[in-house]
Amino acid sequence: MRERRRFFVANWKMTRTPSAAAELARAMAALARPAGVDIAIAPSFPALDRVRAALLGSGIALAAQDVFHEREGAFTGEVSAAMLKDAGVSLVLVGHSERRLLRGERETDFARKMARLAEEGLAPLYCVGETQREREAGRTRDVLRTQLGALDGFAVPPPGLALAYEPVWAIGTGLAATPELAAEAHAHLRAELAARFGEPVGRATRILYGGSLSPASAPGLFAKEEVDGGLVGGASLSVSDTTAVLAAAAAPRA
Ligand code: 13P
């Protein structure tokens with residue numbers, strides 16, 4: 001029997017003002033939620049409260065796109081795990097490739113962020129994935145293993161940990177990974193998790209795929225046993241695309 005429920009996480013990135021985000025969240029909240037699929041939405045920080053209010057009673061969880069690794073203090077512009085928790089957030093993205101590439105954040109930063117989230121009882125969605133150049137050099141497995149090094153300091157996984165495999169070359173390009181390629185990367189990540197934390201953790205941890213997930217690419221990707229759902233950017237800003245991707249997530253696996 002399957003142990004892992006499907007998971008759809010919308011990453012709205014730096015789009016939508018708080019009012020526009022609230023309007024979109026109201027439309028998402030009105031969608032029929034397919035059975036067996038968990039849903040979370042990650043709007044920008046200033047939109048969190050409006051989106052939280054729009055999602056009340058919908059069963060859709062509130063997520064954040066990032067967190068700062070310190071507990072509190074003189075860190076102008078940063079947002080703490082305790083602040084996110086108080087704002088109603090239950091899931092936080094860590095390690096998104098846009099943070100890695102634009103902000104130079106590294107595994108040591110992500111380890112500290114996940115430790116802080118664990119303190120507050122917030123679940124991390126830890127994002128990993130190789131660049132085009134790394135894939136072409138045959139380095140994908142090594143890169144993923146290095147990125148999982150952010151978990152080195154954990155004797156047990158951070159509570160609620162899920163992974164997102166987001167190949168950088170697939171993000172925002174319209175070129176999703178093939179189902180076979182995604183399944184292979186997910187199997188590798190699962191084996192690495194099992195090696196670190198034991199087989200039961202490997203089996204139970206959800207691994208989402210992200211990168212140009214769309215009504216066209218989702219059915220093939222979600223047909224794979226290894227793919228537990230999606231971290232969705234562009235398509236998550238459209239109610240009709242979201243409806244189609246959710247329907248694919250709810251379909252039985254191969
Ligand atoms: P797109 O779905 O727009 O390719 O973005 C994927 C992503 O980065 C989600 O975090």
# chains A, B, ... in the order shown; residues from 1 in each chain; ligands from 1
call {"tool": "residues_near_ligand", "arguments": {"ligand": "ligand 1", "cutoff": "6 Å", "atoms": "only C-alpha atoms and all ligand atoms", "output": "ChimeraX atom specification"}}
result
/A:11,171-172,210-213,231-235
call {"tool": "residues_around", "arguments": {"residues": "region 41-43 of chain A", "least_positions_apart": "5", "cutoff": "12 Å", "atoms": "only C-alpha atoms", "output": "tab-separated table (two decimals) with C-alpha atoms, in the first residue's frame"}}
result
chain	number	residue	atom	x	y	z
A	7	PHE	CA	1.39	16.97	-2.62
A	8	PHE	CA	0.84	20.05	-4.81
A	9	VAL	CA	2.78	23.14	-3.73
A	10	ALA	CA	2.28	26.46	-5.53
A	11	ASN	CA	5.30	28.78	-5.53
A	12	TRP	CA	4.04	32.19	-6.57
A	13	LYS	CA	7.59	33.61	-6.39
A	14	MET	CA	7.81	37.44	-6.63
A	15	THR	CA	4.49	37.84	-8.43
A	16	ARG	CA	1.14	39.22	-7.28
A	17	THR	CA	0.59	42.13	-4.90
A	18	PRO	CA	-1.17	41.19	-1.65
A	19	SER	CA	-4.56	42.15	-3.09
A	20	ALA	CA	-3.99	40.20	-6.30
A	21	ALA	CA	-2.66	37.23	-4.30
A	22	ALA	CA	-5.77	37.29	-2.08
A	23	GLU	CA	-7.99	37.26	-5.15
A	24	LEU	CA	-6.09	34.34	-6.68
A	25	ALA	CA	-6.13	32.47	-3.37
A	26	ARG	CA	-9.91	32.90	-3.15
A	28	MET	CA	-7.95	28.45	-5.60
A	29	ALA	CA	-9.90	27.94	-2.36
A	48	LEU	CA	0.85	35.90	3.66
A	49	ASP	CA	-1.85	37.32	5.89
A	50	ARG	CA	-4.30	38.13	3.09
A	51	VAL	CA	-3.76	34.70	1.54
A	52	ARG	CA	-4.17	33.02	4.94
A	54	ALA	CA	-8.58	33.72	1.81
A	55	LEU	CA	-7.68	30.07	2.43
A	58	SER	CA	-10.37	25.46	2.36
A	59	GLY	CA	-7.97	22.80	3.64
A	60	ILE	CA	-5.17	24.45	1.65
A	61	ALA	CA	-2.05	25.07	3.73
A	62	LEU	CA	-0.09	28.32	3.85
A	63	ALA	CA	3.58	28.12	2.88
A	64	ALA	CA	6.45	30.61	2.75
A	65	GLN	CA	9.17	30.91	0.12
A	66	ASP	CA	12.10	31.35	2.49
A	84	LEU	CA	6.17	32.68	9.90
A	88	GLY	CA	-0.11	30.78	10.04
A	89	VAL	CA	2.58	29.19	7.87
A	90	SER	CA	3.15	25.43	8.17
A	91	LEU	CA	5.56	24.73	5.30
A	92	VAL	CA	8.66	26.66	4.16
A	93	LEU	CA	10.71	26.36	0.97
A	94	VAL	CA	14.43	26.04	1.62
A	125	LEU	CA	10.43	21.64	1.55
A	230	GLY	CA	4.78	18.96	-7.78
A	231	LEU	CA	6.33	22.27	-6.82
A	232	VAL	CA	4.69	24.48	-9.40
A	233	GLY	CA	5.64	27.99	-10.49
A	236	SER	CA	0.16	27.71	-10.29
A	237	LEU	CA	-0.77	31.29	-11.20
A	242	THR	CA	-3.89	24.37	-11.56
call {"tool": "residues_around", "arguments": {"residues": "Gln147 (chain A)", "least_positions_apart": "2", "cutoff": "9 Å", "atoms": "only C-alpha atoms", "output": "MDAnalysis selection string"}}
result
chainID A and resid 95 106:107 127:129 142:145 149:151
call {"tool": "write_last_selection", "arguments": {"atoms": "N, CA and C atoms", "output": "short mmCIF file (atom, residue, chain, number, x, y, z; two decimals), in the first residue's frame"}}
result
data_model
loop_
_atom_site.label_atom_id
_atom_site.label_comp_id
_atom_site.auth_asym_id
_atom_site.auth_seq_id
_atom_site.Cartn_x
_atom_site.Cartn_y
_atom_site.Cartn_z
N GLY A 95 16.26 26.40 0.06
CA GLY A 95 17.22 25.95 -0.95
C GLY A 95 16.76 26.08 -2.38
N ARG A 106 24.04 28.63 0.39
CA ARG A 106 24.68 27.33 0.29
C ARG A 106 24.14 26.34 1.32
N GLU A 107 24.65 25.13 1.26
CA GLU A 107 24.16 24.07 2.13
C GLU A 107 24.25 24.45 3.61
N CYS A 127 14.71 22.09 -1.57
CA CYS A 127 14.79 22.03 -3.04
C CYS A 127 16.22 21.72 -3.49
N VAL A 128 16.34 20.80 -4.40
CA VAL A 128 17.64 20.43 -4.96
C VAL A 128 17.50 20.31 -6.48
N GLY A 129 18.62 20.30 -7.17
CA GLY A 129 18.56 20.12 -8.62
C GLY A 129 19.82 20.62 -9.29
N ASP A 142 26.20 13.42 -8.13
CA ASP A 142 27.12 14.04 -7.14
C ASP A 142 26.55 15.35 -6.63
N VAL A 143 25.98 16.13 -7.55
CA VAL A 143 25.41 17.43 -7.15
C VAL A 143 24.27 17.22 -6.16
N LEU A 144 23.40 16.27 -6.46
CA LEU A 144 22.26 16.02 -5.57
C LEU A 144 22.75 15.54 -4.20
N ARG A 145 23.77 14.68 -4.22
CA ARG A 145 24.30 14.18 -2.94
C ARG A 145 24.90 15.34 -2.14
N GLY A 149 23.74 17.30 1.59
CA GLY A 149 24.65 17.54 2.70
C GLY A 149 24.10 18.55 3.70
N ALA A 150 23.11 19.33 3.29
CA ALA A 150 22.44 20.25 4.24
C ALA A 150 21.78 19.47 5.37
N LEU A 151 21.60 18.16 5.19
CA LEU A 151 20.96 17.35 6.23
C LEU A 151 22.00 16.64 7.11
#
call {"tool": "select_by_dssp", "arguments": {"residues": "region 8-249 of chain A", "states": "strand (DSSP E)", "output": "PyMOL selection string"}}
result
chain A and resi 8-11+37-42+61-64+91-94+123-128+162-165+207-210+229-232
call {"tool": "write_last_selection", "arguments": {"atoms": "N, CA, C and O atoms", "output": "compact mmCIF listing (two decimals), in the first residue's frame"}}
result
# COMPACT_ATOMS: atom_id res chain seq x y z
N PHE A 8 0.74 18.99 -3.80
CA PHE A 8 0.84 20.05 -4.81
C PHE A 8 1.20 21.33 -4.06
O PHE A 8 0.45 21.79 -3.21
N VAL A 9 2.36 21.89 -4.38
CA VAL A 9 2.78 23.14 -3.73
C VAL A 9 2.95 24.22 -4.79
O VAL A 9 3.70 24.05 -5.76
N ALA A 10 2.21 25.32 -4.61
CA ALA A 10 2.28 26.46 -5.53
C ALA A 10 3.33 27.43 -5.02
O ALA A 10 3.27 27.87 -3.87
N ASN A 11 4.29 27.76 -5.86
CA ASN A 11 5.30 28.78 -5.53
C ASN A 11 5.01 29.99 -6.41
O ASN A 11 5.31 29.98 -7.60
N VAL A 37 -4.91 14.41 -2.39
CA VAL A 37 -3.86 15.38 -2.74
C VAL A 37 -3.82 16.49 -1.69
O VAL A 37 -4.84 17.14 -1.43
N ASP A 38 -2.68 16.68 -1.07
CA ASP A 38 -2.49 17.82 -0.17
C ASP A 38 -2.05 19.02 -0.99
O ASP A 38 -1.32 18.87 -1.97
N ILE A 39 -2.48 20.21 -0.58
CA ILE A 39 -2.17 21.42 -1.35
C ILE A 39 -1.62 22.49 -0.41
O ILE A 39 -2.14 22.67 0.70
N ALA A 40 -0.61 23.21 -0.86
CA ALA A 40 -0.10 24.38 -0.13
C ALA A 40 0.22 25.47 -1.13
O ALA A 40 0.56 25.19 -2.28
N ILE A 41 0.10 26.72 -0.66
CA ILE A 41 0.41 27.87 -1.51
C ILE A 41 1.44 28.75 -0.81
O ILE A 41 1.27 29.11 0.36
N ALA A 42 2.49 29.10 -1.56
CA ALA A 42 3.55 29.97 -1.02
C ALA A 42 3.52 31.32 -1.74
O ALA A 42 4.10 31.46 -2.82
N ALA A 61 -3.00 24.58 2.73
CA ALA A 61 -2.05 25.07 3.73
C ALA A 61 -1.31 26.31 3.22
O ALA A 61 -1.16 26.50 2.01
N LEU A 62 -0.85 27.11 4.19
CA LEU A 62 -0.09 28.32 3.85
C LEU A 62 1.40 28.01 3.96
O LEU A 62 1.87 27.45 4.96
N ALA A 63 2.13 28.38 2.91
CA ALA A 63 3.58 28.12 2.88
C ALA A 63 4.32 29.44 2.67
O ALA A 63 3.73 30.43 2.22
N ALA A 64 5.61 29.43 3.00
CA ALA A 64 6.45 30.61 2.75
C ALA A 64 7.60 30.20 1.82
O ALA A 64 7.96 29.03 1.74
N LEU A 91 4.55 25.32 6.19
CA LEU A 91 5.56 24.73 5.30
C LEU A 91 6.44 25.86 4.75
O LEU A 91 5.92 26.92 4.40
N VAL A 92 7.76 25.61 4.65
CA VAL A 92 8.66 26.66 4.16
C VAL A 92 9.64 26.08 3.13
O VAL A 92 10.27 25.05 3.37
N LEU A 93 9.73 26.75 1.99
CA LEU A 93 10.71 26.36 0.97
C LEU A 93 12.11 26.72 1.47
O LEU A 93 12.32 27.81 2.00
N VAL A 94 13.03 25.81 1.27
CA VAL A 94 14.43 26.04 1.62
C VAL A 94 15.28 25.58 0.44
O VAL A 94 15.04 24.51 -0.11
N ALA A 123 7.52 22.66 8.74
CA ALA A 123 8.07 21.65 7.83
C ALA A 123 8.87 22.31 6.71
O ALA A 123 8.40 23.27 6.11
N PRO A 124 10.07 21.80 6.40
CA PRO A 124 10.82 22.33 5.26
C PRO A 124 10.51 21.55 3.97
O PRO A 124 10.34 20.33 4.00
N LEU A 125 10.45 22.28 2.87
CA LEU A 125 10.43 21.64 1.55
C LEU A 125 11.78 21.99 0.95
O LEU A 125 12.01 23.12 0.48
N TYR A 126 12.70 21.04 1.02
CA TYR A 126 14.09 21.31 0.64
C TYR A 126 14.27 21.04 -0.86
O TYR A 126 14.01 19.94 -1.33
N CYS A 127 14.71 22.09 -1.57
CA CYS A 127 14.79 22.03 -3.04
C CYS A 127 16.22 21.72 -3.49
O CYS A 127 17.16 22.34 -3.01
N VAL A 128 16.34 20.80 -4.40
CA VAL A 128 17.64 20.43 -4.96
C VAL A 128 17.50 20.31 -6.48
O VAL A 128 16.38 20.22 -6.99
N ALA A 162 10.08 17.34 3.27
CA ALA A 162 9.83 16.83 1.92
C ALA A 162 10.93 17.41 1.04
O ALA A 162 11.53 18.43 1.37
N LEU A 163 11.21 16.73 -0.07
CA LEU A 163 12.19 17.24 -1.02
C LEU A 163 11.48 17.68 -2.29
O LEU A 163 10.41 17.15 -2.63
N ALA A 164 12.09 18.63 -2.99
CA ALA A 164 11.63 18.97 -4.34
C ALA A 164 12.82 18.84 -5.26
O ALA A 164 13.85 19.50 -5.04
N TYR A 165 12.69 17.97 -6.26
CA TYR A 165 13.72 17.86 -7.30
C TYR A 165 13.36 18.83 -8.40
O TYR A 165 12.36 18.65 -9.10
N ILE A 207 8.80 13.23 -2.30
CA ILE A 207 9.73 13.91 -3.21
C ILE A 207 8.90 14.46 -4.38
O ILE A 207 8.30 13.71 -5.15
N LEU A 208 8.85 15.79 -4.44
CA LEU A 208 8.07 16.47 -5.48
C LEU A 208 8.96 16.79 -6.67
O LEU A 208 10.17 16.98 -6.51
N TYR A 209 8.35 16.89 -7.82
CA TYR A 209 9.09 17.35 -9.00
C TYR A 209 8.71 18.80 -9.26
O TYR A 209 7.53 19.18 -9.11
N GLY A 210 9.68 19.62 -9.70
CA GLY A 210 9.37 21.00 -10.10
C GLY A 210 10.18 21.39 -11.32
O GLY A 210 11.34 20.98 -11.49
N GLY A 229 4.36 14.39 -6.36
CA GLY A 229 3.61 15.63 -6.51
C GLY A 229 4.48 16.66 -7.18
O GLY A 229 5.50 16.33 -7.78
N GLY A 230 4.07 17.94 -7.05
CA GLY A 230 4.78 18.96 -7.78
C GLY A 230 4.97 20.24 -7.00
O GLY A 230 4.13 20.64 -6.18
N LEU A 231 6.10 20.89 -7.26
CA LEU A 231 6.33 22.27 -6.82
C LEU A 231 6.19 23.11 -8.09
O LEU A 231 7.00 22.98 -9.01
N VAL A 232 5.13 23.91 -8.13
CA VAL A 232 4.69 24.48 -9.40
C VAL A 232 4.82 25.99 -9.37
O VAL A 232 4.31 26.65 -8.46
call {"tool": "closest_residue", "arguments": {"among": "A:Lys113, A:His186, A:Arg196, A:His96", "to": "Lys224 (chain A)", "atoms": "only C-alpha atoms"}}
result
A:His186
call {"tool": "closest_residue", "arguments": {"among": "A:Gly220, A:Gly198, A:Gly121, A:Gly73", "to": "Asp86 (chain A)", "atoms": "only C-alpha atoms"}}
result
A:Gly121
call {"tool": "residues_around", "arguments": {"residues": "Thr178 (chain A)", "least_positions_apart": "4", "cutoff": "9 Å", "atoms": "only C-alpha atoms", "output": "VMD selection string"}}
result
chain A and resid 182 to 183 217 220 to 221
call {"tool": "closest_residue", "arguments": {"among": "A:Ala249, A:Arg116, A:Asp241, A:Gln132", "to": "Glu72 (chain A)", "atoms": "only C-alpha atoms"}}
result
A:Arg116
call {"tool": "atom_distance", "arguments": {"atom1": "CA of Arg4 (chain A)", "atom2": "CA of Arg203 (chain A)"}}
result
8.2 Å
call {"tool": "atom_distance", "arguments": {"atom1": "CA of Glu3 (chain A)", "atom2": "CA of Ala248 (chain A)"}}
result
18.7 Å
call {"tool": "closest_residue", "arguments": {"among": "A:Ala27, A:Ala218, A:Val67, A:Ala155", "to": "Glu105 (chain A)", "atoms": "only C-alpha atoms"}}
result
A:Val67
